[in-house]
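What follows is the content of structure-v3.tsv, which has TSV, C-alpha atoms and all ligand atoms:
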chain	number	residue	atom	x	y	z
S	1	MET	CA	177.40	79.93	95.54
S	2	ASP	CA	178.27	82.29	98.34
S	3	SER	CA	175.76	81.85	101.14
S	4	ALA	CA	175.10	85.59	101.20
S	5	LEU	CA	173.34	85.33	97.84
S	6	ALA	CA	171.39	82.27	99.03
S	7	SER	CA	170.19	83.94	102.22
S	8	GLU	CA	169.21	87.14	100.42
S	9	THR	CA	167.38	85.40	97.60
S	10	PRO	CA	163.61	85.78	97.87
S	11	TYR	CA	162.64	82.23	96.96
S	12	LEU	CA	159.02	81.40	96.33
S	13	ARG	CA	156.93	79.64	98.92
S	14	ASP	CA	157.28	75.85	98.61
S	15	THR	CA	153.59	75.48	97.82
S	16	VAL	CA	153.49	77.86	94.82
S	17	ARG	CA	152.74	76.01	91.59
S	18	THR	CA	151.00	78.60	89.41
S	19	ALA	CA	152.60	81.82	88.15
S	20	VAL	CA	150.80	84.48	86.12
S	21	LYS	CA	151.88	87.85	84.76
S	22	ILE	CA	150.35	91.23	84.11
S	23	LEU	CA	152.17	93.91	82.13
S	24	VAL	CA	152.41	97.49	83.40
S	25	VAL	CA	153.18	99.51	80.30
S	26	GLY	CA	153.58	103.14	79.42
S	27	HIS	CA	155.79	105.74	77.82
S	28	PHE	CA	159.06	107.08	79.20
S	29	ALA	CA	158.92	108.24	82.85
S	30	VAL	CA	155.18	107.66	83.24
S	31	GLY	CA	155.73	105.82	86.54
S	32	LYS	CA	156.06	102.11	85.60
S	33	THR	CA	158.97	101.39	87.94
S	34	THR	CA	157.33	103.32	90.76
S	35	PHE	CA	154.06	101.42	90.30
S	36	VAL	CA	155.74	97.99	90.29
S	37	GLY	CA	157.81	98.97	93.32
S	38	ALA	CA	154.77	100.12	95.29
S	39	LEU	CA	153.06	96.75	94.88
S	40	SER	CA	155.90	94.24	94.93
S	41	GLU	CA	156.64	92.06	97.97
S	42	ILE	CA	160.27	91.76	96.89
S	43	ARG	CA	162.70	94.52	96.02
S	44	PRO	CA	161.93	94.92	92.32
S	45	LEU	CA	164.36	93.18	90.03
S	46	ARG	CA	165.50	94.20	86.60
S	47	THR	CA	165.96	91.97	83.60
S	48	GLU	CA	167.76	93.01	80.51
S	49	GLU	CA	167.32	91.84	76.98
S	50	ARG	CA	169.79	92.59	74.26
S	51	MET	CA	168.13	93.42	71.01
S	52	THR	CA	169.54	94.24	67.63
S	53	GLN	CA	168.82	97.76	66.46
S	54	ALA	CA	166.22	96.28	64.15
S	55	GLY	CA	164.35	94.90	67.14
S	56	ALA	CA	165.24	91.21	66.99
S	57	SER	CA	166.29	89.46	70.16
S	58	VAL	CA	169.86	88.32	70.53
S	59	ASP	CA	169.33	85.04	72.27
S	60	ASP	CA	172.59	83.22	72.00
S	61	LEU	CA	175.84	83.88	73.80
S	62	ALA	CA	177.65	84.77	70.61
S	63	GLY	CA	177.69	88.39	69.62
S	64	ILE	CA	176.21	89.93	72.74
S	65	ARG	CA	178.94	92.55	72.73
S	66	ASP	CA	178.17	93.48	69.17
S	67	LYS	CA	177.93	97.25	68.91
S	68	THR	CA	174.73	97.06	66.91
S	69	THR	CA	172.82	95.72	69.90
S	70	THR	CA	170.91	97.79	72.37
S	71	THR	CA	169.67	96.88	75.82
S	72	VAL	CA	166.05	97.00	76.85
S	73	ALA	CA	165.52	96.92	80.61
S	74	MET	CA	162.38	95.73	82.34
S	75	ASP	CA	161.61	96.08	86.01
S	76	PHE	CA	159.42	93.50	87.61
S	77	GLY	CA	157.93	92.70	90.96
S	78	ARG	CA	156.11	89.83	92.60
S	79	LEU	CA	152.97	89.34	94.68
S	80	THR	CA	152.26	85.96	96.27
S	81	LEU	CA	148.46	85.90	96.28
S	82	THR	CA	147.66	82.43	97.66
S	83	ASP	CA	149.67	79.39	98.77
S	84	ASP	CA	149.51	78.18	95.19
S	85	LEU	CA	149.48	81.35	93.10
S	86	VAL	CA	152.03	84.09	92.41
S	87	LEU	CA	151.49	87.20	90.27
S	88	TYR	CA	154.40	88.91	88.52
S	89	LEU	CA	154.14	92.52	87.35
S	90	PHE	CA	156.39	93.51	84.47
S	91	GLY	CA	157.02	97.18	83.82
S	92	ALA	CA	157.54	97.26	80.07
S	93	PRO	CA	158.71	100.16	77.92
S	94	GLY	CA	156.41	101.25	75.14
S	95	GLN	CA	158.88	100.96	72.30
S	96	GLN	CA	157.26	99.67	69.19
S	97	ARG	CA	160.33	98.39	67.39
S	98	PHE	CA	160.98	95.58	69.85
S	99	THR	CA	158.39	93.30	68.31
S	100	ARG	CA	159.96	90.07	69.47
S	101	LEU	CA	160.35	91.28	73.04
S	102	TRP	CA	156.75	92.37	73.03
S	103	HIS	CA	155.60	89.03	71.76
S	104	ASP	CA	157.55	87.20	74.50
S	105	LEU	CA	156.07	89.48	77.13
S	106	ALA	CA	152.52	89.27	75.85
S	107	VAL	CA	152.26	85.50	75.38
S	108	GLY	CA	150.53	84.09	78.42
S	109	ALA	CA	149.99	87.50	80.05
S	110	LEU	CA	146.57	87.94	81.65
S	111	GLY	CA	146.38	91.52	80.43
S	112	ALA	CA	148.02	94.94	80.55
S	113	LEU	CA	147.62	98.03	82.67
S	114	ILE	CA	148.52	101.09	80.61
S	115	LEU	CA	149.78	104.00	82.71
S	116	VAL	CA	149.08	107.43	81.26
S	117	ASP	CA	149.95	110.99	82.22
S	118	THR	CA	147.29	113.56	81.31
S	119	THR	CA	149.88	116.22	80.53
S	120	ARG	CA	151.40	113.99	77.84
S	121	LEU	CA	148.44	111.91	76.75
S	122	GLU	CA	149.48	111.74	73.11
S	123	GLU	CA	152.65	109.83	74.11
S	124	SER	CA	150.40	106.97	75.15
S	125	PHE	CA	148.84	106.48	71.72
S	126	ALA	CA	151.74	104.38	70.40
S	127	VAL	CA	151.75	102.31	73.60
S	128	MET	CA	148.05	101.54	73.20
S	129	ASP	CA	148.67	100.53	69.59
S	130	ILE	CA	151.31	97.99	70.66
S	131	VAL	CA	149.09	96.46	73.33
S	132	GLU	CA	146.16	96.22	70.92
S	133	ARG	CA	148.39	94.66	68.28
S	134	GLN	CA	149.40	91.97	70.75
S	135	GLY	CA	145.71	91.29	71.31
S	136	LEU	CA	146.05	91.93	75.03
S	137	PRO	CA	143.03	93.11	77.01
S	138	TYR	CA	143.85	96.24	79.00
S	139	ALA	CA	142.72	98.95	81.39
S	140	ILE	CA	143.97	102.52	81.66
S	141	ALA	CA	145.41	103.92	84.88
S	142	VAL	CA	145.87	107.68	85.01
S	143	ASN	CA	148.97	108.26	87.14
S	144	HIS	CA	148.43	111.59	88.82
S	145	PHE	CA	151.46	113.84	88.94
S	146	ASP	CA	151.55	116.79	91.31
S	147	GLY	CA	150.42	119.95	89.58
S	148	ALA	CA	148.89	118.15	86.63
S	149	PRO	CA	145.43	119.46	85.75
S	150	ALA	CA	142.66	117.03	86.73
S	151	PHE	CA	140.80	116.25	83.53
S	152	PRO	CA	137.37	114.64	83.79
S	153	ALA	CA	137.29	110.92	82.99
S	154	GLU	CA	135.00	111.50	80.02
S	155	GLU	CA	137.48	113.86	78.40
S	156	ILE	CA	140.33	111.38	78.85
S	157	ARG	CA	138.25	108.52	77.43
S	158	GLU	CA	137.41	110.67	74.47
S	159	ALA	CA	141.03	111.66	73.86
S	160	LEU	CA	142.24	108.05	74.11
S	161	ASP	CA	139.35	106.80	71.99
S	162	LEU	CA	138.53	104.18	74.63
S	163	ASP	CA	136.02	101.44	74.14
S	164	PRO	CA	133.16	102.13	76.60
S	165	ALA	CA	133.90	98.80	78.35
S	166	THR	CA	137.60	99.62	78.97
S	167	PRO	CA	138.14	100.60	82.61
S	168	LEU	CA	139.73	103.96	83.43
S	169	ALA	CA	141.19	104.21	86.93
S	170	PHE	CA	143.04	107.00	88.71
S	171	CYS	CA	146.08	106.28	90.85
S	172	ASP	CA	149.26	107.64	92.34
S	173	ALA	CA	151.95	105.14	91.42
S	174	ARG	CA	153.73	105.84	94.72
S	175	ASP	CA	150.69	104.78	96.68
S	176	ARG	CA	149.97	101.10	97.24
S	177	THR	CA	146.23	101.37	97.80
S	178	SER	CA	145.29	103.40	94.73
S	179	SER	CA	147.69	101.35	92.61
S	180	THR	CA	146.16	98.10	93.88
S	181	ARG	CA	142.71	99.47	93.03
S	182	ALA	CA	143.83	100.21	89.46
S	183	LEU	CA	145.05	96.63	89.13
S	184	ILE	CA	141.75	95.35	90.54
S	185	ALA	CA	139.86	97.39	87.91
S	186	LEU	CA	141.90	95.60	85.22
S	187	VAL	CA	141.33	92.12	86.66
S	188	GLU	CA	137.59	92.72	87.08
S	189	HIS	CA	137.53	93.67	83.40
S	190	LEU	CA	139.49	90.52	82.46
S	191	ARG	CA	137.03	88.39	84.40
S	192	THR	CA	134.08	90.00	82.65
S	193	LEU	CA	135.68	89.40	79.25
S	194	ASP	CA	136.36	85.80	80.23
S	195	GLN	CA	132.75	85.26	81.29
S	196	GLU	CA	131.48	86.81	78.05
S	197	ALA	CA	133.75	84.69	75.86
S	198	PRO	CA	131.92	81.90	74.02
D	1	MET	CA	143.89	117.61	74.46
D	2	ILE	CA	145.14	115.94	71.31
D	3	ARG	CA	142.84	113.18	70.22
D	4	ARG	CA	144.07	109.70	69.39
D	5	ARG	CA	143.34	108.40	65.92
D	6	ASN	CA	142.68	104.72	66.40
D	7	GLU	CA	144.53	102.71	63.80
D	8	ARG	CA	143.36	99.27	64.82
D	9	ALA	CA	141.91	98.58	61.38
D	10	LEU	CA	145.18	99.39	59.63
D	11	VAL	CA	147.27	96.70	61.31
D	12	ARG	CA	148.53	94.14	58.84
D	13	PRO	CA	149.09	90.61	60.21
D	14	HIS	CA	152.62	90.17	58.84
D	15	VAL	CA	153.79	93.13	60.89
D	16	VAL	CA	152.93	91.20	64.04
D	17	THR	CA	155.20	88.26	63.25
D	18	GLY	CA	158.03	90.45	61.93
D	19	GLY	CA	161.59	89.56	62.77
D	20	ARG	CA	161.12	85.97	63.88
D	21	ALA	CA	163.28	84.27	61.31
D	22	HIS	CA	164.44	81.26	63.30
D	23	PRO	CA	162.30	78.73	65.16
D	24	THR	CA	161.99	79.92	68.74
D	25	ARG	CA	163.64	77.93	71.47
D	26	ASN	CA	161.36	79.72	73.82
D	27	VAL	CA	159.97	76.79	75.71
D	28	PHE	CA	160.22	79.02	78.76
D	29	ASP	CA	158.06	81.94	79.58
D	30	LEU	CA	159.39	84.73	81.83
D	31	VAL	CA	157.26	83.30	84.64
D	32	THR	CA	158.07	79.61	84.20
D	33	LEU	CA	159.13	78.39	87.66
D	34	LEU	CA	162.26	76.28	88.04
D	35	ILE	CA	164.04	74.49	90.86
D	36	ALA	CA	167.12	72.26	91.18
D	37	PRO	CA	166.04	68.84	92.46
D	38	PRO	CA	167.82	67.54	95.58
D	39	ASP	CA	171.36	66.23	95.07
D	40	GLN	CA	170.47	62.57	95.45
D	41	LEU	CA	168.43	62.76	92.26
D	42	THR	CA	171.26	64.16	90.21
D	43	GLY	CA	174.08	62.31	91.96
D	44	PRO	CA	177.50	63.54	93.00
D	45	GLY	CA	179.73	64.88	90.27
D	46	ARG	CA	176.85	65.87	88.05
D	47	ASP	CA	177.95	69.48	88.10
D	48	ALA	CA	181.36	68.63	86.66
D	49	GLY	CA	181.79	70.17	83.25
D	50	LEU	CA	179.09	72.81	83.68
D	51	SER	CA	180.06	76.26	82.44
D	52	PRO	CA	180.47	78.91	85.15
D	53	GLU	CA	177.14	80.50	84.18
D	54	LYS	CA	175.29	77.19	84.35
D	55	LEU	CA	176.91	76.38	87.67
D	56	ARG	CA	175.73	79.71	89.09
D	57	ILE	CA	172.20	78.99	87.93
D	58	VAL	CA	172.13	75.48	89.41
D	59	GLU	CA	173.50	76.71	92.72
D	60	LEU	CA	170.98	79.53	92.86
D	61	CYS	CA	168.11	77.16	92.10
D	62	ARG	CA	169.10	74.69	94.84
D	63	GLY	CA	167.76	77.13	97.42
D	64	GLY	CA	164.18	77.07	96.18
D	65	ALA	CA	161.92	77.87	93.24
D	66	LEU	CA	162.31	81.03	91.16
D	67	SER	CA	160.92	82.29	87.87
D	68	VAL	CA	162.99	82.63	84.70
D	69	ALA	CA	162.77	86.42	85.13
D	70	GLU	CA	164.12	86.23	88.69
D	71	ILE	CA	167.02	83.97	87.69
D	72	SER	CA	167.88	86.40	84.90
D	73	GLY	CA	167.58	89.44	87.19
D	74	ILE	CA	169.48	88.01	90.16
D	75	LEU	CA	172.37	86.66	88.09
D	76	ARG	CA	172.32	89.69	85.77
D	77	LEU	CA	172.15	87.56	82.65
D	78	PRO	CA	170.13	88.77	79.63
D	79	VAL	CA	166.76	87.02	79.35
D	80	GLY	CA	167.52	85.37	76.00
D	81	VAL	CA	170.81	83.95	77.25
D	82	THR	CA	169.17	82.77	80.47
D	83	LYS	CA	166.47	80.90	78.56
D	84	VAL	CA	169.02	79.06	76.44
D	85	LEU	CA	171.05	78.04	79.52
D	86	LEU	CA	167.90	76.96	81.39
D	87	SER	CA	166.74	74.90	78.46
D	88	ASP	CA	170.07	73.02	78.46
D	89	LEU	CA	169.94	72.54	82.23
D	90	VAL	CA	166.44	71.06	82.09
D	91	ASP	CA	167.53	68.75	79.26
D	92	SER	CA	170.51	67.58	81.33
D	93	GLY	CA	168.34	67.01	84.42
D	94	HIS	CA	169.97	69.70	86.56
D	95	LEU	CA	166.73	71.67	86.81
D	96	ILE	CA	163.06	70.80	86.73
D	97	THR	CA	160.08	73.01	86.03
D	98	ARG	CA	157.69	73.40	88.89
D	99	THR	CA	154.27	72.67	87.55
D	100	PRO	CA	151.29	70.98	89.19
D	101	ALA	CA	152.20	67.37	90.03
D	102	ALA	CA	149.54	65.53	88.06
D	103	ALA	CA	146.68	68.00	88.02
D	104	PRO	CA	145.86	69.98	84.85
D	105	PRO	CA	146.66	73.69	85.04
D	106	PRO	CA	143.88	75.70	86.69
D	107	ALA	CA	141.31	77.25	84.35
D	108	ARG	CA	141.60	80.93	83.44
D	109	ALA	CA	138.32	81.74	85.16
D	110	ARG	CA	139.57	80.30	88.43
D	111	ILE	CA	142.93	82.06	88.17
D	112	LEU	CA	141.27	85.42	87.51
D	113	GLN	CA	138.99	84.96	90.51
D	114	GLU	CA	141.94	84.06	92.73
D	115	VAL	CA	143.97	87.05	91.50
D	116	LEU	CA	141.01	89.30	92.19
D	117	ASP	CA	140.44	87.90	95.68
D	118	GLY	CA	144.16	88.10	96.44
D	119	LEU	CA	144.40	91.74	95.36
D	120	ARG	CA	141.26	92.75	97.27
D	121	ALA	CA	142.67	91.13	100.39
D	122	ARG	CA	145.64	93.51	100.16
D	123	LEU	CA	143.55	96.65	100.44
O	201	LIG	N1	154.17	113.19	91.69
O	201	LIG	C1	154.26	111.96	91.25
O	201	LIG	N2	155.46	111.54	90.81
O	201	LIG	C2	155.55	110.29	90.35
O	201	LIG	C3	154.44	109.42	90.30
O	201	LIG	N3	154.82	108.24	89.75
O	201	LIG	C4	156.12	108.37	89.46
O	201	LIG	N4	156.58	109.58	89.82
O	201	LIG	C5	157.95	110.09	89.62
O	201	LIG	O1	158.19	110.19	88.23
O	201	LIG	C6	159.49	109.79	87.89
O	201	LIG	C7	159.47	108.67	86.86
O	201	LIG	O2	158.88	107.51	87.44
O	201	LIG	P1	159.36	106.04	87.04
O	201	LIG	O3	158.59	105.11	87.91
O	201	LIG	O4	160.83	105.93	87.05
O	201	LIG	O5	158.83	105.96	85.56
O	201	LIG	P2	159.11	104.83	84.47
O	201	LIG	O6	157.87	104.75	83.65
O	201	LIG	O7	159.58	103.58	85.12
O	201	LIG	O8	160.28	105.49	83.63
O	201	LIG	P3	161.20	104.82	82.52
O	201	LIG	O9	161.49	103.42	82.96
O	201	LIG	O10	162.43	105.68	82.49
O	201	LIG	O11	160.44	104.90	81.26
O	201	LIG	C8	160.15	109.37	89.19
O	201	LIG	O12	160.93	110.45	89.65
O	201	LIG	C9	158.98	109.11	90.13
O	201	LIG	O13	159.31	109.35	91.48
O	201	LIG	C10	153.19	109.90	90.79
O	201	LIG	O14	152.18	109.22	90.81
O	201	LIG	N5	153.16	111.19	91.25
O	202	MG	MG	161.35	102.45	84.70

Please re-express this file's structure in structure tokens.
Amino acid sequence: MDSALASETPYLRDTVRTAVKILVVGHFAVGKTTFVGALSEIRPLRTEERMTQAGASVDDLAGIRDKTTTTVAMDFGRLTLTDDLVLYLFGAPGQQRFTRLWHDLAVGALGALILVDTTRLEESFAVMDIVERQGLPYAIAVNHFDGAPAFPAEEIREALDLDPATPLAFCDARDRTSSTRALIALVEHLRTLDQEAP
Amino acid sequence: MIRRRNERALVRPHVVTGGRAHPTRNVFDLVTLLIAPPDQLTGPGRDAGLSPEKLRIVELCRGGALSVAEISGILRLPVGVTKVLLSDLVDSGHLITRTPAAAPPPARARILQEVLDGLRARL
């Protein structure tokens, strides 16, 4: 390997042994990439998965140039939280037909943060359905766009038909502090659910 | 505001498993951590016969530990392809997964607390 790649590669700390993931999901242009980028300690990376049009994953080398395949891109970032523990954030598109991709993403994930935009709230309904179908616990983060009307939390909860226990946070995906707080609201919720579990 | 009609109750189980016709080779999660063990463990000449893609992976992983997602992203290989190649490379001893030495994996409650503490410390 050329040493340039080696020296630029953001390897994990030697002591890290545990890796966990949280999904940051939402409809087109809701701010997923911006959110992941604001929190990540490394320049966000992008993975691509080739799927057939029907939504199956193409996971062998044969046929990857087949015209019936389509590429789904996911941005992700990384936060080393302790000497042992690293958290990965995956920005995942809310496209229902990629069942297999969704399953791969959801298995082992701690939970999901669903980004919503109050001017296009109805576009989040399908995203919420996918997350619920995967059985993933989630919180909602309202990503505030300039000029968007500020709806009261109660009205947003009502429109999204949220369970009273589901956290609703407000953030600006470009801002590290408010985005971190939204993630904290999710993890507090996950911990409560874990403590309540039999 | 348009109100969401919650369709939770209408989900049929077979929809959830749709499309998985073949047994998954997905022994690796996107966040499984991998590293190439030092050369003395694999011996000289072990890389002979590796495909160019596998060679790139092994060389990348000699520098330190990375997740499956990072290997896929850095080398610009699709995730599915990366997982297949990684699976072969672990089978052939070129890579090892980086999991706790002997200890059992930490409990979910402890992980959640550590994630929470770690995030709060960043504020
Ligand atoms: N004003 C404002 N703009 C934002 C905010 N978050 C994202 N944007 C902008 O909105 C646009 C879309 O954001 P992205 O982060 O690319 O959204 P995405 O969800 O990753 O989009 P896709 O991957 O294409 O679905 C970009 O131009 C961002 O700069 C925000 O909180 N406030
Ligand atoms: Mg994006």

Per residue of chain S within 6 Å of ligand LIG 201 (chain O), record the nearest atom pair and its distance in Å to one decimal, counting only C-alpha atoms and all ligand atoms, with rows in chain order and ascending residue number, as CSV.
residue,atom,partner,partner_atom,distance
S:His27,CA,O:LIG201,O11,5.8
S:Phe28,CA,O:LIG201,O11,3.3
S:Ala29,CA,O:LIG201,O8,3.2
S:Val30,CA,O:LIG201,O6,4.0
S:Gly31,CA,O:LIG201,O3,3.2
S:Lys32,CA,O:LIG201,O6,3.7
S:Thr33,CA,O:LIG201,O7,3.6
S:Thr34,CA,O:LIG201,O3,3.6
S:Asn143,CA,O:LIG201,O14,5.0
S:His144,CA,O:LIG201,O14,4.9
S:Phe145,CA,O:LIG201,N5,3.9
S:Asp146,CA,O:LIG201,N1,4.5
S:Asp172,CA,O:LIG201,O14,3.7
S:Ala173,CA,O:LIG201,O14,4.1
S:Arg174,CA,O:LIG201,O14,5.4

I need the residues from that last selection saved to file as a PDB file, in the coordinates of the input (with C-alpha atoms), if you can.
ATOM      1  CA  HIS S  27     155.790 105.740  77.820  1.00  0.00           C
ATOM      2  CA  PHE S  28     159.060 107.080  79.200  1.00  0.00           C
ATOM      3  CA  ALA S  29     158.920 108.240  82.850  1.00  0.00           C
ATOM      4  CA  VAL S  30     155.180 107.660  83.240  1.00  0.00           C
ATOM      5  CA  GLY S  31     155.730 105.820  86.540  1.00  0.00           C
ATOM      6  CA  LYS S  32     156.060 102.110  85.600  1.00  0.00           C
ATOM      7  CA  THR S  33     158.970 101.390  87.940  1.00  0.00           C
ATOM      8  CA  THR S  34     157.330 103.320  90.760  1.00  0.00           C
ATOM      9  CA  ASN S 143     148.970 108.260  87.140  1.00  0.00           C
ATOM     10  CA  HIS S 144     148.430 111.590  88.820  1.00  0.00           C
ATOM     11  CA  PHE S 145     151.460 113.840  88.940  1.00  0.00           C
ATOM     12  CA  ASP S 146     151.550 116.790  91.310  1.00  0.00           C
ATOM     13  CA  ASP S 172     149.260 107.640  92.340  1.00  0.00           C
ATOM     14  CA  ALA S 173     151.950 105.140  91.420  1.00  0.00           C
ATOM     15  CA  ARG S 174     153.730 105.840  94.720  1.00  0.00           C
TER      16      ARG S 174
END

Give the residue list for ligand MG 202 (chain O) at 12 Å, counting all atoms listed in the file, as a PyMOL selection string, sorted by chain and then by residue number. chain S and resi 24-37+44-47+72-76+90-94+115+173

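Going from CA of Leu160 (chain S) to CA of Leu193 (chain S) covers 20.4 Å.
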
Selected residue of minimal separation from Ala169 (chain S) among S:Glu123, S:Ala148, S:Glu188, S:Ala139, counting only C-alpha atoms: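 Ranked by minimum distance to Ala169 (chain S), first place goes to S:Ala139.
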
Do you know which residues lie at most 12 Å from (168.1, 75.9, 78.4), with coordinates as in the file and only C-alpha atoms counted, and could you write them as a ChimeraX atom specification? /S:59-60 /D:25-29,34,53-54,57-58,68,79-97

Output C-alpha atoms for every residue in the selection just made, as a tab-separated table (two decimals), keeping the file's coordinate frame.
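Resulting contents of out.tsv:
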chain	number	residue	atom	x	y	z
S	59	ASP	CA	169.33	85.04	72.27
S	60	ASP	CA	172.59	83.22	72.00
D	25	ARG	CA	163.64	77.93	71.47
D	26	ASN	CA	161.36	79.72	73.82
D	27	VAL	CA	159.97	76.79	75.71
D	28	PHE	CA	160.22	79.02	78.76
D	29	ASP	CA	158.06	81.94	79.58
D	34	LEU	CA	162.26	76.28	88.04
D	53	GLU	CA	177.14	80.50	84.18
D	54	LYS	CA	175.29	77.19	84.35
D	57	ILE	CA	172.20	78.99	87.93
D	58	VAL	CA	172.13	75.48	89.41
D	68	VAL	CA	162.99	82.63	84.70
D	79	VAL	CA	166.76	87.02	79.35
D	80	GLY	CA	167.52	85.37	76.00
D	81	VAL	CA	170.81	83.95	77.25
D	82	THR	CA	169.17	82.77	80.47
D	83	LYS	CA	166.47	80.90	78.56
D	84	VAL	CA	169.02	79.06	76.44
D	85	LEU	CA	171.05	78.04	79.52
D	86	LEU	CA	167.90	76.96	81.39
D	87	SER	CA	166.74	74.90	78.46
D	88	ASP	CA	170.07	73.02	78.46
D	89	LEU	CA	169.94	72.54	82.23
D	90	VAL	CA	166.44	71.06	82.09
D	91	ASP	CA	167.53	68.75	79.26
D	92	SER	CA	170.51	67.58	81.33
D	93	GLY	CA	168.34	67.01	84.42
D	94	HIS	CA	169.97	69.70	86.56
D	95	LEU	CA	166.73	71.67	86.81
D	96	ILE	CA	163.06	70.80	86.73
D	97	THR	CA	160.08	73.01	86.03

Lys21 (chain S): which residues within 8 Å, counting all atoms listed in the file, same-chain residues fewer than 4 positions away excluded, as a PyMOL selection string? (chain S and resi 87-90+108-111) or (chain D and resi 31)

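With distances restricted to all atoms listed in the file, S:Leu113 is the closest residue to Leu186 (chain S) from S:Val131, S:Arg120, S:Ile42, S:Leu113.
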
Students should find that CA of Asp84 (chain S) and CA of Gly118 (chain D) are spaced 11.3 Å

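What separates CA of Arg110 (chain D) from CA of Ile22 (chain S) is a distance of 15.9 Å.
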
Could you please give me, as a list in words, the residues of protein, DNA or RNA lying at most 8 Å from (169.7, 90.0, 83.8) in the coordinate frame of the file, considering all atoms listed in the file?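 Applying the cut-off with all atoms listed in the file, one gets Arg46, Thr47, Glu48 and Glu49 of chain S; Ala69, Ile71, Ser72, Gly73, Ile74, Leu75, Arg76, Leu77, Pro78, Val79 and Thr82 of chain D.
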
Pick the closest to Leu12 (chain S) from S:Gly147, S:Thr119, S:Leu39, S:Leu79: which is it, counting only C-alpha atoms?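 Result for the nearest residue to Leu12 (chain S): S:Leu79.
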
Can you list, as number ranges by chain, every protein, DNA or RNA residue that comes within 12 Å of Ile111 (chain D) when you count all atoms listed in the file, leaving out same-chain residues fewer than 4 positions away? S: 18-21, 81-82, 84-87, 110, 187-188, 190-191, 194; D: 105-107, 115-118

Go ahead and write the selection's residues with C-alpha atoms as a short mmCIF file (atom, residue, chain, number, x, y, z; two decimals), in the frame of the given file.
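Output saved as result-v4.cif:
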data_model
loop_
_atom_site.label_atom_id
_atom_site.label_comp_id
_atom_site.auth_asym_id
_atom_site.auth_seq_id
_atom_site.Cartn_x
_atom_site.Cartn_y
_atom_site.Cartn_z
CA THR S 18 151.00 78.60 89.41
CA ALA S 19 152.60 81.82 88.15
CA VAL S 20 150.80 84.48 86.12
CA LYS S 21 151.88 87.85 84.76
CA LEU S 81 148.46 85.90 96.28
CA THR S 82 147.66 82.43 97.66
CA ASP S 84 149.51 78.18 95.19
CA LEU S 85 149.48 81.35 93.10
CA VAL S 86 152.03 84.09 92.41
CA LEU S 87 151.49 87.20 90.27
CA LEU S 110 146.57 87.94 81.65
CA VAL S 187 141.33 92.12 86.66
CA GLU S 188 137.59 92.72 87.08
CA LEU S 190 139.49 90.52 82.46
CA ARG S 191 137.03 88.39 84.40
CA ASP S 194 136.36 85.80 80.23
CA PRO D 105 146.66 73.69 85.04
CA PRO D 106 143.88 75.70 86.69
CA ALA D 107 141.31 77.25 84.35
CA VAL D 115 143.97 87.05 91.50
CA LEU D 116 141.01 89.30 92.19
CA ASP D 117 140.44 87.90 95.68
CA GLY D 118 144.16 88.10 96.44
#

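Minimum distance to chain S across D:Pro52, D:Ala65, D:Gly45, D:Ala36 (counting all atoms listed in the file) occurs at D:Ala65.
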